[in-house]
Amino acid sequence: MSQPTIDLPARLLLNLAPWRNATTWRIAFSGGLDSTVLLHLLAHLAKIQSLPTLTAIHVHHGLQTAADAWPEHCQSVCDALGVPLEVVRVQVEPGASLERAARDARYGAFIAATHVGDVLLTGQHRDDQAETLLFRLMRGAGVRGLSGMPSERPLGRGHLLRPLLDVTRAELEAYATEYQLGWIEDPSNQDRQFSRNYLRHQVFPVLTARWPQAVATMARSAAHLSEAQELLDELAQIDLARATTVSDFDWLGLPLLELAPLEKLSDARQRNALSHWLKPLTTLPDSDHWSGWENLRDATGDARPVWRLAAGELHRAGGRVWWLSGGWLRTPPSPVSWADPSLSLALPDNGVLTFTGQIPVGPLQIRYREGGEVMNLPDRGHRDLKRLLNESGVPGFARGRLPLVYRGQQLLAVANLRGLNGGEQSGWHLHWQPQIEDQGLS
């Protein structure tokens, strides 16, 4: 039996208690039942409680004619409740899944609107959680996917909260009826070509007719799986801590792991640790594509295996695995003239170069390795650059990006490598700051 509607305000406040010191509570307001009840609850609680500033945001997708009237409806509701409303119009990119494209556009708008100290509140409820569990089960999801929607997670520079996940749709309808609330009924919610609508209208009525507590028990299963995922995350952190060490090439600014500690783990623990590590960096591969990890892990000799994933690549070099993305996957243009070596030089797609000490006489030019380069070293004479890079242990993927400073046809220096980047006799050193990629921070 569901809890009486009178408990809704108290339950909502209890769920939001850890976030009472937030700067702003921003309600994702579609105008539908769920968000209408959430907005109404918070607006009335704000009159008797000291709450963060309340605002609302409505995302207009422009996917159907009926939706053109929704911003006006949302504005009138917010005006009546005294809550400021921001209407954001988005462009939904065409793709195989309209549901997914619309969601991506919507959450893109939410991320842009969520500032430091803000929380975004959405109205998903317990019935939505059960639908999510079944939907993901049909897609072959693992423990993380079957744990359902989390009650809170990072979003942009703030957090996303789902404070109604322990509330049923029936309770929300009862509250709306009690307070005579009006809401938008999205016509697309009846379209059974969308997977969630099919589950809602075709599958769940059959399930609940046979098992009336199906929604509650499925939501409980999602909670159990969420706890299991927390344990898997803890195990991953233990395993990753053993694979995290200081490298002579930390200045590359790339995420990396020691391979040997990972190889000692079972295959399942390897996948668990790597999934945890890769999650903020890229979309995780499905179970059929983990052979790429095995090929990289088991490569022998001089092989340079690469595991290509959605947002980047995993490389193996020097007993480590390295994550490369963005500019690291593009070939920097060459040559680049350095007109004034007393100033730092921004290299296209390849960071920044700086001289320290006595600036060498120019004109100077930046090039990248093509093969066959020779460098004249004090006390060592002419040496093949490939051999020098081997001696320095530079990872293979980085060798083509190391800036080389030339004066005419003479190779003067290789950035950042001790003994090759200048020296005491020359009175200067060449420093390179590789470009810093956004490693999943958004």
# chains A, B, ... in the order shown; residues from 1 in each chain; ligands from 1

$ closest_atom_pairs --of "range 155-214 of chain A" --to "range 30-52 of chain A" --cutoff "7 Å" --atoms "only C-alpha atoms" --output "JSON lines"
{"residue": "A:Leu172", "atom": "CA", "partner": "A:Val37", "partner_atom": "CA", "distance": 6.6}
{"residue": "A:Ala176", "atom": "CA", "partner": "A:Val37", "partner_atom": "CA", "distance": 6.4}
{"residue": "A:Trp183", "atom": "CA", "partner": "A:Gly32", "partner_atom": "CA", "distance": 5.1}
{"residue": "A:Ile184", "atom": "CA", "partner": "A:Gly32", "partner_atom": "CA", "distance": 4.8}
{"residue": "A:Glu185", "atom": "CA", "partner": "A:Gly32", "partner_atom": "CA", "distance": 6.3}

$ write_last_selection --atoms "N, CA and C atoms" --output "PDB file, in the first residue's frame"
ATOM      1  N   LEU A 172       1.367  10.797  -6.992  1.00  0.00           N
ATOM      2  CA  LEU A 172       1.459  12.105  -7.645  1.00  0.00           C
ATOM      3  C   LEU A 172       0.113  12.523  -8.212  1.00  0.00           C
ATOM      4  N   ALA A 176      -2.084  15.836  -7.223  1.00  0.00           N
ATOM      5  CA  ALA A 176      -2.527  16.786  -8.242  1.00  0.00           C
ATOM      6  C   ALA A 176      -4.043  16.980  -8.191  1.00  0.00           C
ATOM      7  N   TRP A 183      -2.049  19.891 -15.833  1.00  0.00           N
ATOM      8  CA  TRP A 183      -0.736  19.580 -16.408  1.00  0.00           C
ATOM      9  C   TRP A 183      -0.878  19.206 -17.886  1.00  0.00           C
ATOM     10  N   ILE A 184       0.251  19.161 -18.558  1.00  0.00           N
ATOM     11  CA  ILE A 184       0.291  18.843 -19.985  1.00  0.00           C
ATOM     12  C   ILE A 184       0.322  17.333 -20.166  1.00  0.00           C
ATOM     13  N   GLU A 185      -0.490  16.840 -21.090  1.00  0.00           N
ATOM     14  CA  GLU A 185      -0.406  15.442 -21.503  1.00  0.00           C
ATOM     15  C   GLU A 185       0.271  15.408 -22.869  1.00  0.00           C
TER      16      GLU A 185
END

$ residues_around --residues "range 84-99 of chain A" --least-positions-apart "2" --cutoff "9 Å" --atoms "only C-alpha atoms" --output "count of residues only"
28

$ closest_atom_pairs --of "range 229-348 of chain A" --to "range 145-150 of chain A" --cutoff "12 Å" --atoms "only C-alpha atoms" --output "tab-separated table"
residue	atom	partner	partner_atom	distance
A:Gln229	CA	A:Ser147	CA	7.4
A:Glu230	CA	A:Ser147	CA	9.9
A:Leu284	CA	A:Gly145	CA	11.5
A:Asp286	CA	A:Gly145	CA	11.7

$ residues_around --residues "Asn15 in chain A" --least-positions-apart "5" --cutoff "9 Å" --atoms "only C-alpha atoms" --output "PDB file with N, CA and C atoms, in the first residue's frame"
ATOM      1  N   ALA A  10       6.721  16.037   3.559  1.00  0.00           N
ATOM      2  CA  ALA A  10       7.721  15.617   4.541  1.00  0.00           C
ATOM      3  C   ALA A  10       8.754  14.687   3.903  1.00  0.00           C
ATOM      4  N   ARG A 162      16.936  13.374  -7.981  1.00  0.00           N
ATOM      5  CA  ARG A 162      15.619  12.797  -8.291  1.00  0.00           C
ATOM      6  C   ARG A 162      14.942  12.494  -6.953  1.00  0.00           C
ATOM      7  N   PRO A 163      14.314  13.477  -6.340  1.00  0.00           N
ATOM      8  CA  PRO A 163      13.809  13.297  -4.973  1.00  0.00           C
ATOM      9  C   PRO A 163      12.484  12.538  -4.878  1.00  0.00           C
ATOM     10  N   LEU A 164      11.886  12.156  -6.016  1.00  0.00           N
ATOM     11  CA  LEU A 164      10.595  11.466  -5.985  1.00  0.00           C
ATOM     12  C   LEU A 164      10.699   9.988  -6.359  1.00  0.00           C
TER      13      LEU A 164
END

$ select_by_dssp --residues "range 247-376 of chain A" --states "helix (DSSP H, G or I)" --output "VMD selection string"
chain A and resid 250 to 252 259 to 263 267 to 278 287 to 289 291 to 298 326 to 329

$ write_last_selection --atoms "N, CA and C atoms" --output "mmCIF file, in the first residue's frame"
data_model
loop_
_atom_site.group_PDB
_atom_site.id
_atom_site.type_symbol
_atom_site.label_atom_id
_atom_site.label_comp_id
_atom_site.auth_asym_id
_atom_site.auth_seq_id
_atom_site.Cartn_x
_atom_site.Cartn_y
_atom_site.Cartn_z
ATOM 1 N N ASP A 250 54.803 11.863 -16.701
ATOM 2 C CA ASP A 250 53.577 12.478 -16.199
ATOM 3 C C ASP A 250 53.326 13.835 -16.839
ATOM 4 N N TRP A 251 54.404 14.475 -17.324
ATOM 5 C CA TRP A 251 54.240 15.794 -17.953
ATOM 6 C C TRP A 251 53.436 15.708 -19.253
ATOM 7 N N LEU A 252 53.219 14.498 -19.767
ATOM 8 C CA LEU A 252 52.348 14.363 -20.936
ATOM 9 C C LEU A 252 50.901 14.692 -20.596
ATOM 10 N N LEU A 259 50.364 -1.762 -16.219
ATOM 11 C CA LEU A 259 49.734 -2.963 -16.751
ATOM 12 C C LEU A 259 49.926 -4.181 -15.843
ATOM 13 N N ALA A 260 51.103 -4.338 -15.235
ATOM 14 C CA ALA A 260 51.412 -5.548 -14.462
ATOM 15 C C ALA A 260 50.402 -5.813 -13.341
ATOM 16 N N PRO A 261 50.032 -4.813 -12.509
ATOM 17 C CA PRO A 261 49.042 -5.096 -11.459
ATOM 18 C C PRO A 261 47.690 -5.518 -12.030
ATOM 19 N N LEU A 262 47.315 -4.987 -13.187
ATOM 20 C CA LEU A 262 46.045 -5.373 -13.797
ATOM 21 C C LEU A 262 46.089 -6.813 -14.291
ATOM 22 N N GLU A 263 47.240 -7.205 -14.840
ATOM 23 C CA GLU A 263 47.365 -8.562 -15.384
ATOM 24 C C GLU A 263 47.242 -9.634 -14.303
ATOM 25 N N ASP A 267 39.966 -11.907 -15.148
ATOM 26 C CA ASP A 267 39.415 -11.154 -16.270
ATOM 27 C C ASP A 267 38.252 -10.276 -15.829
ATOM 28 N N ALA A 268 37.399 -10.793 -14.947
ATOM 29 C CA ALA A 268 36.235 -10.028 -14.489
ATOM 30 C C ALA A 268 36.671 -8.794 -13.709
ATOM 31 N N ARG A 269 37.700 -8.933 -12.845
ATOM 32 C CA ARG A 269 38.165 -7.774 -12.080
ATOM 33 C C ARG A 269 38.878 -6.771 -12.978
ATOM 34 N N GLN A 270 39.558 -7.257 -14.012
ATOM 35 C CA GLN A 270 40.159 -6.328 -14.973
ATOM 36 C C GLN A 270 39.077 -5.484 -15.634
ATOM 37 N N ARG A 271 38.022 -6.136 -16.106
ATOM 38 C CA ARG A 271 36.947 -5.393 -16.769
ATOM 39 C C ARG A 271 36.279 -4.434 -15.804
ATOM 40 N N ASN A 272 36.111 -4.845 -14.564
ATOM 41 C CA ASN A 272 35.482 -3.977 -13.570
ATOM 42 C C ASN A 272 36.335 -2.738 -13.304
ATOM 43 N N ALA A 273 37.645 -2.948 -13.112
ATOM 44 C CA ALA A 273 38.539 -1.814 -12.838
ATOM 45 C C ALA A 273 38.611 -0.874 -14.029
ATOM 46 N N LEU A 274 38.763 -1.434 -15.221
ATOM 47 C CA LEU A 274 38.868 -0.593 -16.411
ATOM 48 C C LEU A 274 37.568 0.148 -16.697
ATOM 49 N N SER A 275 36.440 -0.506 -16.467
ATOM 50 C CA SER A 275 35.151 0.170 -16.664
ATOM 51 C C SER A 275 35.035 1.376 -15.752
ATOM 52 N N HIS A 276 35.450 1.208 -14.497
ATOM 53 C CA HIS A 276 35.412 2.312 -13.538
ATOM 54 C C HIS A 276 36.327 3.451 -13.990
ATOM 55 N N TRP A 277 37.504 3.107 -14.501
ATOM 56 C CA TRP A 277 38.492 4.098 -14.937
ATOM 57 C C TRP A 277 38.049 4.814 -16.208
ATOM 58 N N LEU A 278 37.440 4.059 -17.118
ATOM 59 C CA LEU A 278 37.055 4.619 -18.415
ATOM 60 C C LEU A 278 35.735 5.382 -18.380
ATOM 61 N N SER A 287 29.692 -5.924 -24.105
ATOM 62 C CA SER A 287 30.443 -7.139 -23.770
ATOM 63 C C SER A 287 31.123 -7.752 -24.992
ATOM 64 N N ASP A 288 30.573 -7.509 -26.190
ATOM 65 C CA ASP A 288 31.148 -8.097 -27.398
ATOM 66 C C ASP A 288 32.440 -7.420 -27.842
ATOM 67 N N HIS A 289 32.744 -6.249 -27.278
ATOM 68 C CA HIS A 289 33.897 -5.484 -27.764
ATOM 69 C C HIS A 289 35.056 -5.424 -26.771
ATOM 70 N N SER A 291 37.132 -7.709 -26.419
ATOM 71 C CA SER A 291 38.277 -8.405 -27.018
ATOM 72 C C SER A 291 39.390 -7.421 -27.359
ATOM 73 N N GLY A 292 39.015 -6.154 -27.575
ATOM 74 C CA GLY A 292 40.025 -5.127 -27.841
ATOM 75 C C GLY A 292 40.974 -4.956 -26.671
ATOM 76 N N TRP A 293 40.437 -5.074 -25.445
ATOM 77 C CA TRP A 293 41.286 -4.998 -24.259
ATOM 78 C C TRP A 293 42.209 -6.215 -24.188
ATOM 79 N N GLU A 294 41.669 -7.387 -24.471
ATOM 80 C CA GLU A 294 42.480 -8.599 -24.406
ATOM 81 C C GLU A 294 43.619 -8.558 -25.426
ATOM 82 N N ASN A 295 43.350 -8.054 -26.626
ATOM 83 C CA ASN A 295 44.394 -7.940 -27.647
ATOM 84 C C ASN A 295 45.485 -6.981 -27.204
ATOM 85 N N LEU A 296 45.086 -5.871 -26.574
ATOM 86 C CA LEU A 296 46.068 -4.893 -26.102
ATOM 87 C C LEU A 296 46.885 -5.470 -24.955
ATOM 88 N N ARG A 297 46.209 -6.119 -24.019
ATOM 89 C CA ARG A 297 46.868 -6.683 -22.833
ATOM 90 C C ARG A 297 47.861 -7.786 -23.201
ATOM 91 N N ASP A 298 47.488 -8.625 -24.157
ATOM 92 C CA ASP A 298 48.279 -9.815 -24.456
ATOM 93 C C ASP A 298 49.295 -9.611 -25.571
ATOM 94 N N GLY A 326 40.923 13.516 -28.240
ATOM 95 C CA GLY A 326 40.987 14.885 -28.747
ATOM 96 C C GLY A 326 42.165 15.124 -29.660
ATOM 97 N N GLY A 327 42.933 16.187 -29.352
ATOM 98 C CA GLY A 327 44.069 16.579 -30.177
ATOM 99 C C GLY A 327 45.147 15.533 -30.287
ATOM 100 N N TRP A 328 45.232 14.641 -29.301
ATOM 101 C CA TRP A 328 46.238 13.583 -29.352
ATOM 102 C C TRP A 328 45.996 12.625 -30.515
ATOM 103 N N LEU A 329 44.810 12.636 -31.061
ATOM 104 C CA LEU A 329 44.490 11.747 -32.181
ATOM 105 C C LEU A 329 44.583 12.468 -33.525
#

$ residues_around --residues "Leu165 in chain A" --least-positions-apart "4" --cutoff "7 Å" --atoms "only C-alpha atoms" --output "list in words"
Gln124, His125, Arg126 and Ser151 of chain A

$ write_last_selection --atoms "N, CA and C atoms" --output "PDB file, in the first residue's frame"
ATOM      1  N   GLN A 124      11.269  12.262 -11.924  1.00  0.00           N
ATOM      2  CA  GLN A 124      11.087  10.822 -12.109  1.00  0.00           C
ATOM      3  C   GLN A 124      10.653  10.159 -10.804  1.00  0.00           C
ATOM      4  N   HIS A 125       9.741   9.182 -10.947  1.00  0.00           N
ATOM      5  CA  HIS A 125       9.164   8.532  -9.769  1.00  0.00           C
ATOM      6  C   HIS A 125       9.421   7.031  -9.810  1.00  0.00           C
ATOM      7  N   ARG A 126       8.792   6.304  -8.883  1.00  0.00           N
ATOM      8  CA  ARG A 126       9.095   4.885  -8.729  1.00  0.00           C
ATOM      9  C   ARG A 126       8.669   4.072  -9.953  1.00  0.00           C
ATOM     10  N   SER A 151      19.556   8.370  -7.413  1.00  0.00           N
ATOM     11  CA  SER A 151      18.811   9.483  -6.808  1.00  0.00           C
ATOM     12  C   SER A 151      19.576  10.789  -6.911  1.00  0.00           C
TER      13      SER A 151
END

$ closest_residue --among "A:Thr114, A:Thr356, A:Ser226, A:Ser344" --to "Gly142 in chain A" --atoms "only C-alpha atoms"
A:Ser226

$ select_by_dssp --residues "range 120-257 of chain A" --states "strand (DSSP E)" --output "CSV table (one decimal) with N, CA and C atoms, in the first residue's frame"
chain,number,residue,atom,x,y,z
A,120,LEU,N,19.9,20.5,-9.9
A,120,LEU,CA,18.7,20.4,-10.8
A,120,LEU,C,17.8,19.2,-10.3
A,121,LEU,N,16.6,19.5,-10.1
A,121,LEU,CA,15.6,18.6,-9.6
A,121,LEU,C,14.7,18.1,-10.7
A,152,GLU,N,20.9,10.7,-7.1
A,152,GLU,CA,21.7,11.9,-7.3
A,152,GLU,C,23.0,11.5,-8.0
A,153,ARG,N,23.4,12.5,-8.8
A,153,ARG,CA,24.7,12.3,-9.6
A,153,ARG,C,25.2,13.7,-10.0
A,154,PRO,N,26.5,13.8,-10.3
A,154,PRO,CA,27.0,15.1,-10.8
A,154,PRO,C,26.4,15.5,-12.1
A,155,LEU,N,26.2,16.8,-12.3
A,155,LEU,CA,25.7,17.3,-13.5
A,155,LEU,C,26.3,18.6,-13.8
A,158,GLY,N,27.3,21.2,-11.1
A,158,GLY,CA,26.5,21.0,-9.9
A,158,GLY,C,26.1,19.6,-9.8
A,159,HIS,N,24.8,19.3,-9.4
A,159,HIS,CA,24.3,18.0,-9.2
A,159,HIS,C,22.9,17.9,-9.7
A,160,LEU,N,22.5,16.7,-10.1
A,160,LEU,CA,21.1,16.3,-10.5
A,160,LEU,C,20.5,15.5,-9.4
A,161,LEU,N,19.3,15.8,-9.0
A,161,LEU,CA,18.6,15.1,-7.9
A,161,LEU,C,17.3,14.6,-8.4
A,256,LEU,N,46.9,7.2,-17.2
A,256,LEU,CA,47.6,6.0,-17.5
A,256,LEU,C,47.5,5.1,-16.3
A,257,LEU,N,47.7,3.8,-16.6
A,257,LEU,CA,47.7,2.7,-15.6
A,257,LEU,C,48.9,1.8,-15.8

$ residues_around --residues "Trp323 in chain A" --least-positions-apart "5" --cutoff "6 Å" --atoms "only C-alpha atoms" --output "list in words"
Pro255, Glu313 and Leu314 of chain A

$ write_last_selection --atoms "C-alpha atoms" --output "compact mmCIF listing (two decimals), in the first residue's frame"
# COMPACT_ATOMS: atom_id res chain seq x y z
CA PRO A 255 45.59 9.21 -17.83
CA GLU A 313 41.99 5.25 -27.77
CA LEU A 314 43.84 3.12 -25.27

$ closest_residue --among "A:Gln180, A:Thr217, A:Gln410, A:Gln435" --to "Met375 in chain A" --atoms "only C-alpha atoms"
A:Gln410

$ closest_residue --among "A:Leu404, A:Gly362, A:Val119, A:Gly393" --to "Gly156 in chain A" --atoms "only C-alpha atoms"
A:Val119
